[in-house]
There are 2 protein chains.
Amino acid sequence: MALIVQKYGGTSVGSVERIKNVARRVIKWADAGHQVVVVVSAMSGETNRLIGLAKEIQPDPDPRELDVVASTGEQVTIGLLSMAIKSLGREARSYTGFQVGVHTNSAFTKARIESIDQERMRADLERGMIVVVAGFQGIDPDGNITTLGRGGSDTSGVALAAALGADECQIYTDVDGVYTTDPRVVPEASKMATITFEEMLEMASLGSKVLQIRSVEFAGKYRVRLRVLSSLTPWDIPLEQEMHSGTLITFEEDQTMERAVVSGIAFARDEAKITVVGVPDRPGIAYQILSAVGGANIDVDMIVQNQSVDGFTDFSFTVGRNDYARTLDILKTSIQAHIGAKDIIGDPKACKVSVVGVGMRSHAGVASKMFRTLAEEGINIQMISTSEIKVSVLIEEKYLELAVRALHKAFDLDAQAT
Amino acid sequence: MALIVQKYGGTSVGSVERIKNVARRVIKWADAGHQVVVVVSAMSGETNRLIGLAKEIQPDPDPRELDVVASTGEQVTIGLLSMAIKSLGREARSYTGFQVGVHTNSAFTKARIESIDQERMRADLERGMIVVVAGFQGIDPDGNITTLGRGGSDTSGVALAAALGADECQIYTDVDGVYTTDPRVVPEASKMATITFEEMLEMASLGSKVLQIRSVEFAGKYRVRLRVLSSLTPWDIPLEQEMHSGTLITFEEDQTMERAVVSGIAFARDEAKITVVGVPDRPGIAYQILSAVGGANIDVDMIVQNQSVDGFTDFSFTVGRNDYARTLDILKTSIQAHIGAKDIIGDPKACKVSVVGVGMRSHAGVASKMFRTLAEEGINIQMISTSEIKVSVLIEEKYLELAVRALHKAFDLDAQAT
């Protein structure tokens, strides 16, 4: 008997019929003797509907009140799923974030989980009940409702698994695992049976949408065994088969098989590049620029500063495309004159492509092979950033698909078995 | 400066534009120096949508989980209204039932309020904030979400007013007060400037939909000054005018003016009559019949037992039309043979018409005038019940409008000034 936390996303609970199928799947696990805690998202489209309503009232909605509104989506799902489970003859009980005791800080719309009470869940599980918990939400020290931000239900699932010491956290989604790259771009992309935690972290942070990055970080910190699998398979596939399906995120590099040097190609559309031109090259300039941007809650991703020429340098960085206009505006109005920059320029149509793999540690030449591949396709590289297990480049958006296909082939991923 | 509790129903917050108008109206009161607590319902249609979803999952939804789902409607409204108030420059803060501390018993879907914490609301009001509270919902001693049943937001409003010792509880609705009868049936019906608490209680229990009866009972118990007024007037009508608009429910009979003997005509459609025919006339029979019906959570309204003939009698009572089939079934399967009744018959198409007025206490002849009026119109009376300030009759449904119009005229209500 194992203690399993299963998380179902918005698509998986997107209709009454799908909720019933989730109930049947959950019961299959419970009937096999496992203790099951289910974490659910809002029905697909519901969170957007609620945020849309809020924006009609207040274009930039008050964060505390936005969380009050947005958190109702998950609350509806937990009630409906509990009913569905009960109507099939198993006991279930729903919990909102405040009821189960998901304690967060007070950063509305992007709160962080600080602790989770487990008494009520344990008591229910001991009595054979299926516990159904609202993802995405928590409660702050003052009793205010908080949400964890987009994709936060993944984090809720992992955090619950960590708090309960669950044997596995299963993230059910509308894809059947983690692929070497997005199959919509490269049809030859193949599903990985396992991926290391570090690789998954890079894949998630580099734009692979399968798992929300904070959930991966959380899993790493608390060493939660995490599996991504499909909720679109028939609910009654044999448990033994489902148990080994999808992609398992492992903490040890798999020694038993020859790993490819590069595990996958990640990419992120919707990047934008900003360059502060002709900045006096003196200490504190980068800090001034980035703190102005960060102070407006804009996330900066890649950062490059060129070699100084005659005491002046160019400073470039990327932001999400939605933040492009606002970033330009902030820099032009409050920074440019202040630091004596010659100009602020940018490109709102960039994208980032990355090759990821723990194998890079022991294999030189990944970066040069990447650059050569792109050069052969005539793709200009605008920015480069690297870490121990990935190389990322910023390129023009129109080359995205071409770059991903070429790299997938160049690193022999087209042929990789699952 | 007064402390005012305002309650807005589903129609009053039925769209983004209407929520903004509620915000403007609330701010008008706050700007005049009053402390304002606002209680809101779900946007119109939303509770039905949520209950519909639940019934798609489980035709007879689990009550605990139904409350989890249904209570989200009000939660959305409090967030949106607080945003709207803030966007207009006043501070506001929303509270769900659990956040403000609306403590109820555990009777899911029809919980009763036991106590309300006031610390948070008081602290916010002292700081000049407008407090926005979700109606209809509370929390039971185990931390489960409860709802108060249909119309429960009225009760929430009155209960909050009682807890805070508010100077007035204002129920904003889509009519502009309490009428002598339903203006859709009698165009000559007129709005009453005041109505006594007892009359209001009878009007509410007899089918007048303006106020939920439990809210009136609550107001009576805690002597809350209660006013029904319209949310459809322009939000910027002068405060002085709005303050005296609608209908005030008073605790003392108004001595300064000549009251009509009868204040209003109430009616309830959707009644059904059941008759247990040929019951042996011995002690305990009525109890056996009614406990079987009450045990199935079916409310019985009028009850009549005929004179016994040869040791046998007929026992009749009314139930809501929705409960008609179920009541017949219960009696036929588990009661008829047991008590030796000859037959169980019924009429699912009855309705109840009542004349109400505290003036009846000092004026004889109201009942006879009522019966004569109905006889003149050729309307047969099926059952009669009376109290100190009302006379109710059950009649065939097809005569409803005719009866109400005739009685409204006979008791000189057509001419009554507001």
# chains A, B, ... in the order shown; residues from 1 in each chain; ligands from 1
call {"tool": "interface_residues", "arguments": {"of": "chain A", "to": "chain B", "cutoff": "7 Å", "atoms": "only C-alpha atoms", "output": "MDAnalysis selection string"}}
result
chainID A and resid 16 54 56:58 61:62 65:66 68:69 72 75:76 79:80 82:84 87 99 143
call {"tool": "residues_around", "arguments": {"residues": "segment 31-40 of chain A", "least_positions_apart": "4", "cutoff": "6 Å", "atoms": "only C-alpha atoms", "output": "list in words"}}
result
Met1, Ala2, Leu3, Ile4, Val5, Gln6, Lys7, Tyr8, Ile27, Ile130, Val131, Val132, Val133, Ala134, Gly135 and Gly157 of chain A
call {"tool": "atom_distance", "arguments": {"atom1": "atom CA of Phe315 of chain A", "atom2": "atom CA of Val366 of chain A"}}
result
26.4 Å
call {"tool": "residues_around", "arguments": {"residues": "Val216 of chain A", "least_positions_apart": "4", "cutoff": "7 Å", "atoms": "only C-alpha atoms", "output": "PyMOL selection string"}}
result
chain A and resi 201+212+220
call {"tool": "residues_around", "arguments": {"residues": "Lys409 of chain A", "least_positions_apart": "4", "cutoff": "12 Å", "atoms": "only C-alpha atoms", "output": "ChimeraX atom specification"}}
result
/A:180-181,186-190,262,264-265,355,369-370,373-374,402-405,413-416
call {"tool": "write_last_selection", "arguments": {"atoms": "N, CA and C atoms", "output": "mmCIF file, in the first residue's frame"}}
result
data_model
loop_
_atom_site.group_PDB
_atom_site.id
_atom_site.type_symbol
_atom_site.label_atom_id
_atom_site.label_comp_id
_atom_site.auth_asym_id
_atom_site.auth_seq_id
_atom_site.Cartn_x
_atom_site.Cartn_y
_atom_site.Cartn_z
ATOM 1 N N THR A 180 11.276 14.944 -25.776
ATOM 2 C CA THR A 180 12.582 15.518 -26.103
ATOM 3 C C THR A 180 12.435 16.947 -26.612
ATOM 4 N N THR A 181 11.303 17.235 -27.239
ATOM 5 C CA THR A 181 10.907 18.610 -27.519
ATOM 6 C C THR A 181 9.413 18.590 -27.817
ATOM 7 N N VAL A 186 8.246 19.254 -33.637
ATOM 8 C CA VAL A 186 9.055 18.171 -34.203
ATOM 9 C C VAL A 186 8.286 16.863 -34.035
ATOM 10 N N PRO A 187 7.642 16.404 -35.102
ATOM 11 C CA PRO A 187 6.834 15.174 -34.982
ATOM 12 C C PRO A 187 7.674 13.984 -34.527
ATOM 13 N N GLU A 188 8.979 14.015 -34.773
ATOM 14 C CA GLU A 188 9.833 12.904 -34.367
ATOM 15 C C GLU A 188 10.178 12.938 -32.881
ATOM 16 N N ALA A 189 9.725 13.926 -32.166
ATOM 17 C CA ALA A 189 10.031 14.019 -30.741
ATOM 18 C C ALA A 189 9.555 12.757 -30.031
ATOM 19 N N SER A 190 10.316 12.314 -29.040
ATOM 20 C CA SER A 190 9.922 11.085 -28.358
ATOM 21 C C SER A 190 9.791 11.309 -26.861
ATOM 22 N N VAL A 262 22.624 15.121 -24.930
ATOM 23 C CA VAL A 262 21.550 16.102 -24.799
ATOM 24 C C VAL A 262 20.224 15.347 -24.651
ATOM 25 N N GLY A 264 17.062 16.937 -24.285
ATOM 26 C CA GLY A 264 15.904 17.548 -24.922
ATOM 27 C C GLY A 264 16.196 18.959 -25.400
ATOM 28 N N ILE A 265 15.285 19.433 -26.240
ATOM 29 C CA ILE A 265 15.368 20.793 -26.763
ATOM 30 C C ILE A 265 14.167 21.565 -26.220
ATOM 31 N N VAL A 355 19.353 23.710 -25.521
ATOM 32 C CA VAL A 355 19.613 22.276 -25.457
ATOM 33 C C VAL A 355 19.948 21.944 -24.009
ATOM 34 N N LYS A 369 28.645 22.541 -31.208
ATOM 35 C CA LYS A 369 27.802 21.795 -32.145
ATOM 36 C C LYS A 369 26.472 22.538 -32.357
ATOM 37 N N MET A 370 25.952 23.109 -31.277
ATOM 38 C CA MET A 370 24.702 23.868 -31.367
ATOM 39 C C MET A 370 24.864 25.079 -32.279
ATOM 40 N N THR A 373 25.249 24.080 -35.930
ATOM 41 C CA THR A 373 23.976 23.662 -36.507
ATOM 42 C C THR A 373 23.134 24.875 -36.901
ATOM 43 N N LEU A 374 23.067 25.846 -36.016
ATOM 44 C CA LEU A 374 22.264 27.034 -36.310
ATOM 45 C C LEU A 374 22.868 27.836 -37.457
ATOM 46 N N LEU A 402 12.449 26.033 -37.274
ATOM 47 C CA LEU A 402 13.612 25.543 -38.014
ATOM 48 C C LEU A 402 14.741 25.178 -37.054
ATOM 49 N N ALA A 403 15.005 26.054 -36.090
ATOM 50 C CA ALA A 403 16.102 25.823 -35.140
ATOM 51 C C ALA A 403 15.847 24.580 -34.300
ATOM 52 N N VAL A 404 14.631 24.465 -33.811
ATOM 53 C CA VAL A 404 14.321 23.329 -32.931
ATOM 54 C C VAL A 404 14.459 22.010 -33.702
ATOM 55 N N ARG A 405 13.935 21.968 -34.944
ATOM 56 C CA ARG A 405 14.020 20.732 -35.741
ATOM 57 C C ARG A 405 15.466 20.373 -36.046
ATOM 58 N N LEU A 413 18.229 13.170 -31.354
ATOM 59 C CA LEU A 413 17.030 12.923 -30.546
ATOM 60 C C LEU A 413 15.904 12.320 -31.370
ATOM 61 N N ASP A 414 15.959 12.515 -32.705
ATOM 62 C CA ASP A 414 14.912 11.955 -33.556
ATOM 63 C C ASP A 414 14.814 10.444 -33.380
ATOM 64 N N ALA A 415 15.958 9.840 -33.071
ATOM 65 C CA ALA A 415 15.997 8.384 -33.051
ATOM 66 C C ALA A 415 15.831 7.814 -31.651
ATOM 67 N N GLN A 416 15.788 8.686 -30.635
ATOM 68 C CA GLN A 416 15.820 8.206 -29.249
ATOM 69 C C GLN A 416 14.573 7.406 -28.892
#
call {"tool": "residues_around", "arguments": {"residues": "Ser291 of chain A", "least_positions_apart": "6", "cutoff": "12 Å", "atoms": "only C-alpha atoms", "output": "PyMOL selection string"}}
result
chain A and resi 284-285+297-300+327+330-331+334-335
call {"tool": "select_by_dssp", "arguments": {"residues": "segment 12-107 of chain A", "states": "helix (DSSP H, G or I)", "output": "JSON, numbers by chain"}}
result
{"A": [16, 17, 18, 19, 20, 21, 22, 23, 24, 25, 26, 27, 28, 29, 30, 31, 46, 47, 48, 49, 50, 51, 52, 53, 54, 55, 56, 57, 63, 64, 65, 66, 67, 68, 69, 70, 72, 73, 74, 75, 76, 77, 78, 79, 80, 81, 82, 83, 84, 85, 86, 87, 97, 98, 99, 100]}
call {"tool": "atom_distance", "arguments": {"atom1": "atom CA of Val26 of chain B", "atom2": "atom CA of Thr47 of chain A"}}
result
28.0 Å
call {"tool": "select_by_dssp", "arguments": {"residues": "segment 39-262 of chain B", "states": "strand (DSSP E)", "output": "NGL selection string"}}
result
:B and (39-40 or 92-95 or 102-104 or 113-116 or 130-134 or 137-139 or 145-147 or 168-173 or 178-179 or 191-192 or 194-196 or 226-230 or 247-250)
call {"tool": "residues_around", "arguments": {"residues": "Thr318 of chain A", "least_positions_apart": "6", "cutoff": "9 Å", "atoms": "only C-alpha atoms", "output": "number ranges by chain"}}
result
A: 271-275, 299-303, 324, 350, 394
call {"tool": "decode", "arguments": {"residues": "segment 280-296 of chain A", "atoms": "all heavy atoms", "output": "PDB file, in the first residue's frame"}}
result
ATOM      1  N   PRO A 280      27.600  54.298 -19.597  1.00  0.00           N
ATOM      2  CA  PRO A 280      28.930  54.469 -18.998  1.00  0.00           C
ATOM      3  C   PRO A 280      29.279  53.218 -18.200  1.00  0.00           C
ATOM      4  O   PRO A 280      28.467  52.752 -17.405  1.00  0.00           O
ATOM      5  CB  PRO A 280      28.765  55.678 -18.070  1.00  0.00           C
ATOM      6  CG  PRO A 280      27.521  56.359 -18.521  1.00  0.00           C
ATOM      7  CD  PRO A 280      26.647  55.306 -19.117  1.00  0.00           C
ATOM      8  N   ASP A 281      30.434  52.675 -18.441  1.00  0.00           N
ATOM      9  CA  ASP A 281      30.820  51.407 -17.817  1.00  0.00           C
ATOM     10  C   ASP A 281      31.364  51.640 -16.418  1.00  0.00           C
ATOM     11  O   ASP A 281      32.576  51.675 -16.217  1.00  0.00           O
ATOM     12  CB  ASP A 281      31.860  50.709 -18.711  1.00  0.00           C
ATOM     13  CG  ASP A 281      32.129  49.286 -18.222  1.00  0.00           C
ATOM     14  OD1 ASP A 281      31.405  48.823 -17.320  1.00  0.00           O
ATOM     15  OD2 ASP A 281      33.059  48.659 -18.753  1.00  0.00           O
ATOM     16  N   ARG A 282      30.460  51.804 -15.458  1.00  0.00           N
ATOM     17  CA  ARG A 282      30.920  51.982 -14.077  1.00  0.00           C
ATOM     18  C   ARG A 282      30.079  51.101 -13.140  1.00  0.00           C
ATOM     19  O   ARG A 282      28.961  50.702 -13.496  1.00  0.00           O
ATOM     20  CB  ARG A 282      30.826  53.456 -13.680  1.00  0.00           C
ATOM     21  CG  ARG A 282      29.441  54.053 -13.742  1.00  0.00           C
ATOM     22  CD  ARG A 282      29.357  55.398 -13.023  1.00  0.00           C
ATOM     23  NE  ARG A 282      27.956  55.766 -12.897  1.00  0.00           N
ATOM     24  CZ  ARG A 282      27.313  56.560 -13.762  1.00  0.00           C
ATOM     25  NH1 ARG A 282      27.931  57.110 -14.782  1.00  0.00           N
ATOM     26  NH2 ARG A 282      26.035  56.818 -13.579  1.00  0.00           N
ATOM     27  N   PRO A 283      30.612  50.809 -11.971  1.00  0.00           N
ATOM     28  CA  PRO A 283      29.912  49.888 -11.062  1.00  0.00           C
ATOM     29  C   PRO A 283      28.509  50.396 -10.724  1.00  0.00           C
ATOM     30  O   PRO A 283      28.289  51.606 -10.597  1.00  0.00           O
ATOM     31  CB  PRO A 283      30.794  49.878  -9.806  1.00  0.00           C
ATOM     32  CG  PRO A 283      32.136  50.355 -10.267  1.00  0.00           C
ATOM     33  CD  PRO A 283      31.880  51.291 -11.399  1.00  0.00           C
ATOM     34  N   GLY A 284      27.562  49.468 -10.598  1.00  0.00           N
ATOM     35  CA  GLY A 284      26.216  49.832 -10.150  1.00  0.00           C
ATOM     36  C   GLY A 284      25.227  50.089 -11.263  1.00  0.00           C
ATOM     37  O   GLY A 284      24.028  50.218 -11.011  1.00  0.00           O
ATOM     38  N   ILE A 285      25.709  50.166 -12.501  1.00  0.00           N
ATOM     39  CA  ILE A 285      24.796  50.451 -13.600  1.00  0.00           C
ATOM     40  C   ILE A 285      23.815  49.299 -13.823  1.00  0.00           C
ATOM     41  O   ILE A 285      22.600  49.500 -13.900  1.00  0.00           O
ATOM     42  CB  ILE A 285      25.586  50.729 -14.906  1.00  0.00           C
ATOM     43  CG1 ILE A 285      26.347  52.044 -14.789  1.00  0.00           C
ATOM     44  CG2 ILE A 285      24.640  50.752 -16.101  1.00  0.00           C
ATOM     45  CD1 ILE A 285      25.473  53.270 -14.792  1.00  0.00           C
ATOM     46  N   ALA A 286      24.347  48.074 -13.899  1.00  0.00           N
ATOM     47  CA  ALA A 286      23.496  46.909 -14.104  1.00  0.00           C
ATOM     48  C   ALA A 286      22.457  46.829 -12.985  1.00  0.00           C
ATOM     49  O   ALA A 286      21.269  46.568 -13.228  1.00  0.00           O
ATOM     50  CB  ALA A 286      24.333  45.630 -14.133  1.00  0.00           C
ATOM     51  N   TYR A 287      22.907  47.105 -11.779  1.00  0.00           N
ATOM     52  CA  TYR A 287      21.993  47.049 -10.642  1.00  0.00           C
ATOM     53  C   TYR A 287      20.869  48.070 -10.786  1.00  0.00           C
ATOM     54  O   TYR A 287      19.697  47.768 -10.566  1.00  0.00           O
ATOM     55  CB  TYR A 287      22.750  47.283  -9.336  1.00  0.00           C
ATOM     56  CG  TYR A 287      21.841  47.509  -8.170  1.00  0.00           C
ATOM     57  CD1 TYR A 287      21.136  46.441  -7.613  1.00  0.00           C
ATOM     58  CD2 TYR A 287      21.640  48.779  -7.648  1.00  0.00           C
ATOM     59  CE1 TYR A 287      20.261  46.640  -6.564  1.00  0.00           C
ATOM     60  CE2 TYR A 287      20.757  48.993  -6.601  1.00  0.00           C
ATOM     61  CZ  TYR A 287      20.070  47.921  -6.068  1.00  0.00           C
ATOM     62  OH  TYR A 287      19.200  48.124  -5.033  1.00  0.00           O
ATOM     63  N   GLN A 288      21.242  49.280 -11.209  1.00  0.00           N
ATOM     64  CA  GLN A 288      20.228  50.328 -11.355  1.00  0.00           C
ATOM     65  C   GLN A 288      19.181  49.950 -12.397  1.00  0.00           C
ATOM     66  O   GLN A 288      17.988  50.144 -12.203  1.00  0.00           O
ATOM     67  CB  GLN A 288      20.887  51.662 -11.737  1.00  0.00           C
ATOM     68  CG  GLN A 288      21.533  52.368 -10.553  1.00  0.00           C
ATOM     69  CD  GLN A 288      22.161  53.685 -10.968  1.00  0.00           C
ATOM     70  OE1 GLN A 288      23.175  53.692 -11.669  1.00  0.00           O
ATOM     71  NE2 GLN A 288      21.568  54.781 -10.544  1.00  0.00           N
ATOM     72  N   ILE A 289      19.661  49.428 -13.519  1.00  0.00           N
ATOM     73  CA  ILE A 289      18.732  49.041 -14.585  1.00  0.00           C
ATOM     74  C   ILE A 289      17.811  47.915 -14.119  1.00  0.00           C
ATOM     75  O   ILE A 289      16.583  48.005 -14.207  1.00  0.00           O
ATOM     76  CB  ILE A 289      19.512  48.597 -15.847  1.00  0.00           C
ATOM     77  CG1 ILE A 289      20.290  49.785 -16.427  1.00  0.00           C
ATOM     78  CG2 ILE A 289      18.563  47.995 -16.885  1.00  0.00           C
ATOM     79  CD1 ILE A 289      21.280  49.401 -17.526  1.00  0.00           C
ATOM     80  N   LEU A 290      18.426  46.866 -13.570  1.00  0.00           N
ATOM     81  CA  LEU A 290      17.628  45.683 -13.245  1.00  0.00           C
ATOM     82  C   LEU A 290      16.726  45.894 -12.034  1.00  0.00           C
ATOM     83  O   LEU A 290      15.648  45.312 -11.945  1.00  0.00           O
ATOM     84  CB  LEU A 290      18.544  44.469 -13.031  1.00  0.00           C
ATOM     85  CG  LEU A 290      19.291  44.049 -14.302  1.00  0.00           C
ATOM     86  CD1 LEU A 290      20.193  42.859 -14.017  1.00  0.00           C
ATOM     87  CD2 LEU A 290      18.297  43.706 -15.420  1.00  0.00           C
ATOM     88  N   SER A 291      17.157  46.757 -11.108  1.00  0.00           N
ATOM     89  CA  SER A 291      16.292  46.969  -9.952  1.00  0.00           C
ATOM     90  C   SER A 291      15.062  47.795 -10.344  1.00  0.00           C
ATOM     91  O   SER A 291      13.979  47.602  -9.780  1.00  0.00           O
ATOM     92  CB  SER A 291      17.054  47.619  -8.797  1.00  0.00           C
ATOM     93  OG  SER A 291      17.438  48.923  -9.148  1.00  0.00           O
ATOM     94  N   ALA A 292      15.234  48.680 -11.323  1.00  0.00           N
ATOM     95  CA  ALA A 292      14.066  49.435 -11.798  1.00  0.00           C
ATOM     96  C   ALA A 292      13.052  48.489 -12.442  1.00  0.00           C
ATOM     97  O   ALA A 292      11.840  48.594 -12.231  1.00  0.00           O
ATOM     98  CB  ALA A 292      14.490  50.504 -12.808  1.00  0.00           C
ATOM     99  N   VAL A 293      13.567  47.528 -13.217  1.00  0.00           N
ATOM    100  CA  VAL A 293      12.690  46.573 -13.895  1.00  0.00           C
ATOM    101  C   VAL A 293      12.074  45.593 -12.889  1.00  0.00           C
ATOM    102  O   VAL A 293      10.858  45.358 -12.882  1.00  0.00           O
ATOM    103  CB  VAL A 293      13.483  45.819 -14.988  1.00  0.00           C
ATOM    104  CG1 VAL A 293      12.607  44.755 -15.636  1.00  0.00           C
ATOM    105  CG2 VAL A 293      13.991  46.803 -16.042  1.00  0.00           C
ATOM    106  N   GLY A 294      12.933  45.082 -12.015  1.00  0.00           N
ATOM    107  CA  GLY A 294      12.442  44.137 -11.009  1.00  0.00           C
ATOM    108  C   GLY A 294      11.452  44.786 -10.058  1.00  0.00           C
ATOM    109  O   GLY A 294      10.490  44.151  -9.618  1.00  0.00           O
ATOM    110  N   GLY A 295      11.672  46.058  -9.774  1.00  0.00           N
ATOM    111  CA  GLY A 295      10.762  46.781  -8.874  1.00  0.00           C
ATOM    112  C   GLY A 295       9.355  46.880  -9.426  1.00  0.00           C
ATOM    113  O   GLY A 295       8.387  47.033  -8.677  1.00  0.00           O
ATOM    114  N   ALA A 296       9.242  46.776 -10.745  1.00  0.00           N
ATOM    115  CA  ALA A 296       7.917  46.792 -11.373  1.00  0.00           C
ATOM    116  C   ALA A 296       7.384  45.372 -11.546  1.00  0.00           C
ATOM    117  O   ALA A 296       6.444  45.141 -12.309  1.00  0.00           O
ATOM    118  CB  ALA A 296       7.996  47.490 -12.727  1.00  0.00           C
TER     119      ALA A 296
END
